[in-house]
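Colleague: Structure: upload_10.txt, compact mmCIF, N, CA and C atoms.
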```
# COMPACT_ATOMS: atom_id res chain seq x y z
N MET A 210 103.55 88.75 163.58
CA MET A 210 103.71 88.48 162.17
C MET A 210 103.39 89.77 161.42
N GLY A 211 104.09 89.97 160.30
CA GLY A 211 103.84 91.15 159.49
C GLY A 211 104.49 91.00 158.14
N TRP A 212 104.39 92.06 157.33
CA TRP A 212 105.02 92.02 156.02
C TRP A 212 106.02 93.15 155.90
N VAL A 213 107.08 92.86 155.17
CA VAL A 213 108.20 93.76 155.01
C VAL A 213 107.83 94.87 154.02
N THR A 214 108.04 96.14 154.43
CA THR A 214 107.80 97.26 153.52
C THR A 214 109.11 97.84 153.01
N GLN A 215 110.20 97.62 153.73
CA GLN A 215 111.54 97.99 153.26
C GLN A 215 112.48 96.86 153.65
N GLY A 216 112.96 96.15 152.68
CA GLY A 216 113.84 95.02 152.94
C GLY A 216 115.29 95.36 152.67
N GLY A 217 116.03 94.35 152.30
CA GLY A 217 117.45 94.49 152.04
C GLY A 217 118.23 93.61 152.99
N SER A 218 119.51 93.94 153.17
CA SER A 218 120.36 93.14 154.05
C SER A 218 120.69 93.88 155.34
N GLY A 219 119.91 94.91 155.65
CA GLY A 219 120.02 95.60 156.93
C GLY A 219 121.08 96.68 156.96
N PRO A 220 121.29 97.27 158.08
CA PRO A 220 120.78 96.83 159.38
C PRO A 220 119.37 97.30 159.70
N CYS A 221 118.77 98.17 158.85
CA CYS A 221 117.42 98.65 159.12
C CYS A 221 116.41 97.97 158.21
N TYR A 222 115.27 97.64 158.81
CA TYR A 222 114.17 97.02 158.09
C TYR A 222 112.89 97.71 158.55
N ARG A 223 111.91 97.78 157.66
CA ARG A 223 110.61 98.30 158.07
C ARG A 223 109.55 97.27 157.73
N LEU A 224 108.57 97.16 158.62
CA LEU A 224 107.47 96.24 158.36
C LEU A 224 106.20 96.78 158.98
N VAL A 225 105.09 96.20 158.59
CA VAL A 225 103.79 96.52 159.14
C VAL A 225 103.19 95.22 159.63
N THR A 226 102.72 95.22 160.88
CA THR A 226 102.12 94.02 161.45
C THR A 226 100.70 93.83 160.92
N ASP A 227 100.14 92.69 161.19
CA ASP A 227 98.80 92.36 160.73
C ASP A 227 97.75 93.36 161.20
N ASP A 228 97.99 94.01 162.35
CA ASP A 228 97.04 94.99 162.86
C ASP A 228 97.31 96.41 162.36
N GLY A 229 98.25 96.55 161.40
CA GLY A 229 98.52 97.85 160.79
C GLY A 229 99.58 98.69 161.46
N GLN A 230 100.24 98.18 162.49
CA GLN A 230 101.27 98.93 163.23
C GLN A 230 102.58 98.93 162.44
N PRO A 231 103.11 100.12 162.12
CA PRO A 231 104.41 100.18 161.45
C PRO A 231 105.55 100.02 162.44
N TRP A 232 106.59 99.32 162.03
CA TRP A 232 107.78 99.08 162.85
C TRP A 232 109.03 99.44 162.07
N ALA A 233 109.99 100.03 162.75
CA ALA A 233 111.32 100.32 162.21
C ALA A 233 112.28 99.48 163.03
N LEU A 234 112.81 98.43 162.44
CA LEU A 234 113.60 97.45 163.17
C LEU A 234 115.07 97.52 162.81
N TYR A 235 115.91 97.30 163.81
CA TYR A 235 117.36 97.26 163.63
C TYR A 235 117.83 95.84 163.88
N GLY A 236 118.65 95.32 162.98
CA GLY A 236 119.21 93.98 163.16
C GLY A 236 120.61 93.93 162.58
N ASP A 237 121.58 93.53 163.39
CA ASP A 237 122.97 93.49 162.94
C ASP A 237 123.42 92.09 162.53
N GLN A 238 122.46 91.20 162.23
CA GLN A 238 122.78 89.83 161.85
C GLN A 238 123.01 89.67 160.35
N GLY A 239 122.80 90.72 159.54
CA GLY A 239 122.99 90.62 158.10
C GLY A 239 121.91 89.82 157.39
N LEU A 240 120.71 89.83 157.93
CA LEU A 240 119.59 89.11 157.32
C LEU A 240 119.18 89.80 156.04
N THR A 241 118.80 89.02 155.02
CA THR A 241 118.33 89.60 153.78
C THR A 241 116.87 89.19 153.57
N VAL A 242 116.01 90.20 153.46
CA VAL A 242 114.59 89.97 153.19
C VAL A 242 114.16 90.95 152.10
N ALA A 243 113.11 90.59 151.39
CA ALA A 243 112.60 91.43 150.31
C ALA A 243 111.29 92.08 150.71
N ALA A 244 111.06 93.28 150.19
CA ALA A 244 109.78 93.95 150.42
C ALA A 244 108.66 93.03 149.95
N GLY A 245 107.61 92.95 150.75
CA GLY A 245 106.46 92.11 150.43
C GLY A 245 106.48 90.75 151.10
N GLU A 246 107.65 90.33 151.60
CA GLU A 246 107.71 89.02 152.27
C GLU A 246 107.02 89.09 153.63
N THR A 247 106.42 87.99 154.03
CA THR A 247 105.82 87.87 155.35
C THR A 247 106.86 87.30 156.28
N VAL A 248 106.98 87.91 157.47
CA VAL A 248 108.00 87.49 158.43
C VAL A 248 107.40 87.35 159.83
N ILE A 249 108.07 86.53 160.62
CA ILE A 249 107.81 86.43 162.05
C ILE A 249 109.07 86.96 162.72
N VAL A 250 108.88 87.91 163.63
CA VAL A 250 110.03 88.57 164.25
C VAL A 250 109.90 88.55 165.76
N LYS A 251 111.00 88.19 166.42
CA LYS A 251 111.11 88.31 167.87
C LYS A 251 111.97 89.55 168.11
N ILE A 252 111.48 90.48 168.93
CA ILE A 252 112.17 91.74 169.14
C ILE A 252 112.45 91.99 170.62
N LYS A 253 113.34 92.97 170.86
CA LYS A 253 113.57 93.47 172.21
C LYS A 253 113.72 94.99 172.09
N PRO A 254 113.65 95.71 173.20
CA PRO A 254 113.79 97.16 173.12
C PRO A 254 115.10 97.57 172.46
N LEU A 255 115.05 98.63 171.69
CA LEU A 255 116.24 99.16 171.03
C LEU A 255 116.91 100.15 171.98
N VAL A 256 118.12 99.83 172.43
CA VAL A 256 118.83 100.70 173.36
C VAL A 256 119.85 101.58 172.65
N LEU A 257 120.17 101.27 171.39
CA LEU A 257 121.09 102.08 170.61
C LEU A 257 120.36 103.31 170.08
N LYS A 258 121.07 104.38 169.87
CA LYS A 258 120.49 105.61 169.30
C LYS A 258 120.57 105.52 167.78
N ILE A 259 119.72 104.68 167.19
CA ILE A 259 119.68 104.47 165.75
C ILE A 259 118.27 104.76 165.27
N ASN A 260 118.15 105.52 164.20
CA ASN A 260 116.84 105.82 163.64
C ASN A 260 116.68 105.05 162.34
N CYS A 261 115.81 104.06 162.34
CA CYS A 261 115.58 103.24 161.15
C CYS A 261 114.32 103.67 160.40
N GLY A 262 113.83 104.87 160.68
CA GLY A 262 112.67 105.38 159.96
C GLY A 262 111.45 105.48 160.83
N PRO A 263 110.30 105.77 160.20
CA PRO A 263 109.06 105.92 160.96
C PRO A 263 108.54 104.59 161.51
N GLY A 264 107.85 104.66 162.62
CA GLY A 264 107.27 103.48 163.25
C GLY A 264 107.89 103.22 164.61
N GLU A 265 107.41 102.19 165.27
CA GLU A 265 107.97 101.78 166.56
C GLU A 265 109.35 101.19 166.34
N HIS A 266 110.31 101.61 167.14
CA HIS A 266 111.68 101.12 166.99
C HIS A 266 111.94 99.94 167.94
N ALA A 267 112.65 98.94 167.42
CA ALA A 267 113.01 97.77 168.23
C ALA A 267 114.23 97.10 167.61
N HIS A 268 114.85 96.24 168.38
CA HIS A 268 116.02 95.47 167.96
C HIS A 268 115.57 94.05 167.64
N ILE A 269 116.00 93.53 166.51
CA ILE A 269 115.61 92.17 166.10
C ILE A 269 116.44 91.14 166.86
N VAL A 270 115.77 90.22 167.52
CA VAL A 270 116.43 89.07 168.15
C VAL A 270 116.48 87.93 167.13
N LYS A 271 115.35 87.71 166.45
CA LYS A 271 115.26 86.66 165.44
C LYS A 271 114.19 87.05 164.42
N MET A 272 114.48 86.82 163.15
CA MET A 272 113.50 87.08 162.10
C MET A 272 113.57 85.93 161.10
N GLU A 273 112.40 85.41 160.75
CA GLU A 273 112.34 84.36 159.75
C GLU A 273 111.21 84.63 158.76
N VAL A 274 111.47 84.29 157.53
CA VAL A 274 110.49 84.47 156.46
C VAL A 274 109.51 83.30 156.50
N VAL A 275 108.22 83.63 156.38
CA VAL A 275 107.17 82.62 156.33
C VAL A 275 107.00 82.20 154.88
N ARG A 276 107.17 80.94 154.62
CA ARG A 276 107.07 80.43 153.23
C ARG A 276 105.79 79.66 153.06
```
In C-alpha cells, write the structure found in this file.
Modeller:
Amino acid sequence: MGWVTQGGSGPCYRLVTDDGQPWALYGDQGLTVAAGETVIVKIKPLVLKINCGPGEHAHIVKMEVVR
C-alpha cells in the first residue's frame, strides 16, 4: 500500500509506500489516479526498457484506489 506522488492516466505513475520506498511504476491499462490517493498495487518485474522516473521500477499487474 502507498500513496500516489505522480498520477494521471499513465503509462507512468510514481508512488511512495508506507515504509517510505519510492516506486516508478509502468502500467498500460489506462488507469487514472490522482496525486495523494492511497492505492494498493500488485506488481511484477519490469522487463521493458522504460524509465518512469526515480525509484524502484516495476510493471503494474493491478492497481486499485483505497476509498
Colleague: Mind checking which residues fall within 5 Å of range 253-268 of chain A, counting all atoms listed in the file, ignoring those fewer than 6 positions away in the same chain, and posting them as an mmCIF file with N, CA and C atoms, keeping the file's coordinate frame?
Modeller:
```
data_model
loop_
_atom_site.group_PDB
_atom_site.id
_atom_site.type_symbol
_atom_site.label_atom_id
_atom_site.label_comp_id
_atom_site.auth_asym_id
_atom_site.auth_seq_id
_atom_site.Cartn_x
_atom_site.Cartn_y
_atom_site.Cartn_z
ATOM 1 N N PRO A 231 103.110 100.120 162.120
ATOM 2 C CA PRO A 231 104.410 100.180 161.450
ATOM 3 C C PRO A 231 105.550 100.020 162.440
ATOM 4 N N TRP A 232 106.590 99.320 162.030
ATOM 5 C CA TRP A 232 107.780 99.080 162.850
ATOM 6 C C TRP A 232 109.030 99.440 162.070
ATOM 7 N N ALA A 233 109.990 100.030 162.750
ATOM 8 C CA ALA A 233 111.320 100.320 162.210
ATOM 9 C C ALA A 233 112.280 99.480 163.030
ATOM 10 N N LEU A 234 112.810 98.430 162.440
ATOM 11 C CA LEU A 234 113.600 97.450 163.170
ATOM 12 C C LEU A 234 115.070 97.520 162.810
ATOM 13 N N TYR A 235 115.910 97.300 163.810
ATOM 14 C CA TYR A 235 117.360 97.260 163.630
ATOM 15 C C TYR A 235 117.830 95.840 163.880
#
```
Colleague: Using only C-alpha atoms, list the residues that have an atom at most 12 Å from (107.2, 92.5, 156.9), coordinates as in the file, as a PyMOL selection string.
Modeller: chain A and resi 210-217+222-227+229-234+241-250+272-275
Colleague: So how far away is atom C of Ile269 in chain A from atom C of Gly239 in chain A, in Å?
Modeller: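 Atom-to-atom, atom C of Gly239 in chain A and atom C of Ile269 in chain A are spaced 11.0 Å apart.
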Colleague: Just to confirm, what's the straight-line distance from CA of Asp237 in chain A to atom N of Ile252 in chain A in Å (one decimal)?
Modeller: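 About the pair CA of Asp237 in chain A and atom N of Ile252 in chain A: they are 13.3 Å apart.
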Colleague: As a PDB file with N, CA and C atoms, in the coordinates of the input, please: every residue in chain A that a backbone DSSP assignment puts in strand (DSSP E).
Modeller:
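Once written, states_16.pdb looks like this:
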```
ATOM      1  N   GLY A 211     104.090  89.970 160.300  1.00  0.00           N
ATOM      2  CA  GLY A 211     103.840  91.150 159.490  1.00  0.00           C
ATOM      3  C   GLY A 211     104.490  91.000 158.140  1.00  0.00           C
ATOM      4  N   TRP A 212     104.390  92.060 157.330  1.00  0.00           N
ATOM      5  CA  TRP A 212     105.020  92.020 156.020  1.00  0.00           C
ATOM      6  C   TRP A 212     106.020  93.150 155.900  1.00  0.00           C
ATOM      7  N   VAL A 213     107.080  92.860 155.170  1.00  0.00           N
ATOM      8  CA  VAL A 213     108.200  93.760 155.010  1.00  0.00           C
ATOM      9  C   VAL A 213     107.830  94.870 154.020  1.00  0.00           C
ATOM     10  N   THR A 214     108.040  96.140 154.430  1.00  0.00           N
ATOM     11  CA  THR A 214     107.800  97.260 153.520  1.00  0.00           C
ATOM     12  C   THR A 214     109.110  97.840 153.010  1.00  0.00           C
ATOM     13  N   GLN A 215     110.200  97.620 153.730  1.00  0.00           N
ATOM     14  CA  GLN A 215     111.540  97.990 153.260  1.00  0.00           C
ATOM     15  C   GLN A 215     112.480  96.860 153.650  1.00  0.00           C
ATOM     16  N   CYS A 221     118.770  98.170 158.850  1.00  0.00           N
ATOM     17  CA  CYS A 221     117.420  98.650 159.120  1.00  0.00           C
ATOM     18  C   CYS A 221     116.410  97.970 158.210  1.00  0.00           C
ATOM     19  N   TYR A 222     115.270  97.640 158.810  1.00  0.00           N
ATOM     20  CA  TYR A 222     114.170  97.020 158.090  1.00  0.00           C
ATOM     21  C   TYR A 222     112.890  97.710 158.550  1.00  0.00           C
ATOM     22  N   ARG A 223     111.910  97.780 157.660  1.00  0.00           N
ATOM     23  CA  ARG A 223     110.610  98.300 158.070  1.00  0.00           C
ATOM     24  C   ARG A 223     109.550  97.270 157.730  1.00  0.00           C
ATOM     25  N   LEU A 224     108.570  97.160 158.620  1.00  0.00           N
ATOM     26  CA  LEU A 224     107.470  96.240 158.360  1.00  0.00           C
ATOM     27  C   LEU A 224     106.200  96.780 158.980  1.00  0.00           C
ATOM     28  N   VAL A 225     105.090  96.200 158.590  1.00  0.00           N
ATOM     29  CA  VAL A 225     103.790  96.520 159.140  1.00  0.00           C
ATOM     30  C   VAL A 225     103.190  95.220 159.630  1.00  0.00           C
ATOM     31  N   THR A 226     102.720  95.220 160.880  1.00  0.00           N
ATOM     32  CA  THR A 226     102.120  94.020 161.450  1.00  0.00           C
ATOM     33  C   THR A 226     100.700  93.830 160.920  1.00  0.00           C
ATOM     34  N   PRO A 231     103.110 100.120 162.120  1.00  0.00           N
ATOM     35  CA  PRO A 231     104.410 100.180 161.450  1.00  0.00           C
ATOM     36  C   PRO A 231     105.550 100.020 162.440  1.00  0.00           C
ATOM     37  N   TRP A 232     106.590  99.320 162.030  1.00  0.00           N
ATOM     38  CA  TRP A 232     107.780  99.080 162.850  1.00  0.00           C
ATOM     39  C   TRP A 232     109.030  99.440 162.070  1.00  0.00           C
ATOM     40  N   ALA A 233     109.990 100.030 162.750  1.00  0.00           N
ATOM     41  CA  ALA A 233     111.320 100.320 162.210  1.00  0.00           C
ATOM     42  C   ALA A 233     112.280  99.480 163.030  1.00  0.00           C
ATOM     43  N   LEU A 234     112.810  98.430 162.440  1.00  0.00           N
ATOM     44  CA  LEU A 234     113.600  97.450 163.170  1.00  0.00           C
ATOM     45  C   LEU A 234     115.070  97.520 162.810  1.00  0.00           C
ATOM     46  N   TYR A 235     115.910  97.300 163.810  1.00  0.00           N
ATOM     47  CA  TYR A 235     117.360  97.260 163.630  1.00  0.00           C
ATOM     48  C   TYR A 235     117.830  95.840 163.880  1.00  0.00           C
ATOM     49  N   THR A 247     106.420  87.990 154.030  1.00  0.00           N
ATOM     50  CA  THR A 247     105.820  87.870 155.350  1.00  0.00           C
ATOM     51  C   THR A 247     106.860  87.300 156.280  1.00  0.00           C
ATOM     52  N   VAL A 248     106.980  87.910 157.470  1.00  0.00           N
ATOM     53  CA  VAL A 248     108.000  87.490 158.430  1.00  0.00           C
ATOM     54  C   VAL A 248     107.400  87.350 159.830  1.00  0.00           C
ATOM     55  N   ILE A 249     108.070  86.530 160.620  1.00  0.00           N
ATOM     56  CA  ILE A 249     107.810  86.430 162.050  1.00  0.00           C
ATOM     57  C   ILE A 249     109.070  86.960 162.720  1.00  0.00           C
ATOM     58  N   VAL A 250     108.880  87.910 163.630  1.00  0.00           N
ATOM     59  CA  VAL A 250     110.030  88.570 164.250  1.00  0.00           C
ATOM     60  C   VAL A 250     109.900  88.550 165.760  1.00  0.00           C
ATOM     61  N   LYS A 251     111.000  88.190 166.420  1.00  0.00           N
ATOM     62  CA  LYS A 251     111.110  88.310 167.870  1.00  0.00           C
ATOM     63  C   LYS A 251     111.970  89.550 168.110  1.00  0.00           C
ATOM     64  N   ILE A 252     111.480  90.480 168.930  1.00  0.00           N
ATOM     65  CA  ILE A 252     112.170  91.740 169.140  1.00  0.00           C
ATOM     66  C   ILE A 252     112.450  91.990 170.620  1.00  0.00           C
ATOM     67  N   LYS A 253     113.340  92.970 170.860  1.00  0.00           N
ATOM     68  CA  LYS A 253     113.570  93.470 172.210  1.00  0.00           C
ATOM     69  C   LYS A 253     113.720  94.990 172.090  1.00  0.00           C
ATOM     70  N   GLU A 265     107.410 102.190 165.270  1.00  0.00           N
ATOM     71  CA  GLU A 265     107.970 101.780 166.560  1.00  0.00           C
ATOM     72  C   GLU A 265     109.350 101.190 166.340  1.00  0.00           C
ATOM     73  N   HIS A 266     110.310 101.610 167.140  1.00  0.00           N
ATOM     74  CA  HIS A 266     111.680 101.120 166.990  1.00  0.00           C
ATOM     75  C   HIS A 266     111.940  99.940 167.940  1.00  0.00           C
ATOM     76  N   ALA A 267     112.650  98.940 167.420  1.00  0.00           N
ATOM     77  CA  ALA A 267     113.010  97.770 168.230  1.00  0.00           C
ATOM     78  C   ALA A 267     114.230  97.100 167.610  1.00  0.00           C
ATOM     79  N   HIS A 268     114.850  96.240 168.380  1.00  0.00           N
ATOM     80  CA  HIS A 268     116.020  95.470 167.960  1.00  0.00           C
ATOM     81  C   HIS A 268     115.570  94.050 167.640  1.00  0.00           C
ATOM     82  N   ILE A 269     116.000  93.530 166.510  1.00  0.00           N
ATOM     83  CA  ILE A 269     115.610  92.170 166.100  1.00  0.00           C
ATOM     84  C   ILE A 269     116.440  91.140 166.860  1.00  0.00           C
ATOM     85  N   VAL A 270     115.770  90.220 167.520  1.00  0.00           N
ATOM     86  CA  VAL A 270     116.430  89.070 168.150  1.00  0.00           C
ATOM     87  C   VAL A 270     116.480  87.930 167.130  1.00  0.00           C
ATOM     88  N   LYS A 271     115.350  87.710 166.450  1.00  0.00           N
ATOM     89  CA  LYS A 271     115.260  86.660 165.440  1.00  0.00           C
ATOM     90  C   LYS A 271     114.190  87.050 164.420  1.00  0.00           C
ATOM     91  N   MET A 272     114.480  86.820 163.150  1.00  0.00           N
ATOM     92  CA  MET A 272     113.500  87.080 162.100  1.00  0.00           C
ATOM     93  C   MET A 272     113.570  85.930 161.100  1.00  0.00           C
ATOM     94  N   GLU A 273     112.400  85.410 160.750  1.00  0.00           N
ATOM     95  CA  GLU A 273     112.340  84.360 159.750  1.00  0.00           C
ATOM     96  C   GLU A 273     111.210  84.630 158.760  1.00  0.00           C
ATOM     97  N   VAL A 274     111.470  84.290 157.530  1.00  0.00           N
ATOM     98  CA  VAL A 274     110.490  84.470 156.460  1.00  0.00           C
ATOM     99  C   VAL A 274     109.510  83.300 156.500  1.00  0.00           C
TER     100      VAL A 274
END
```
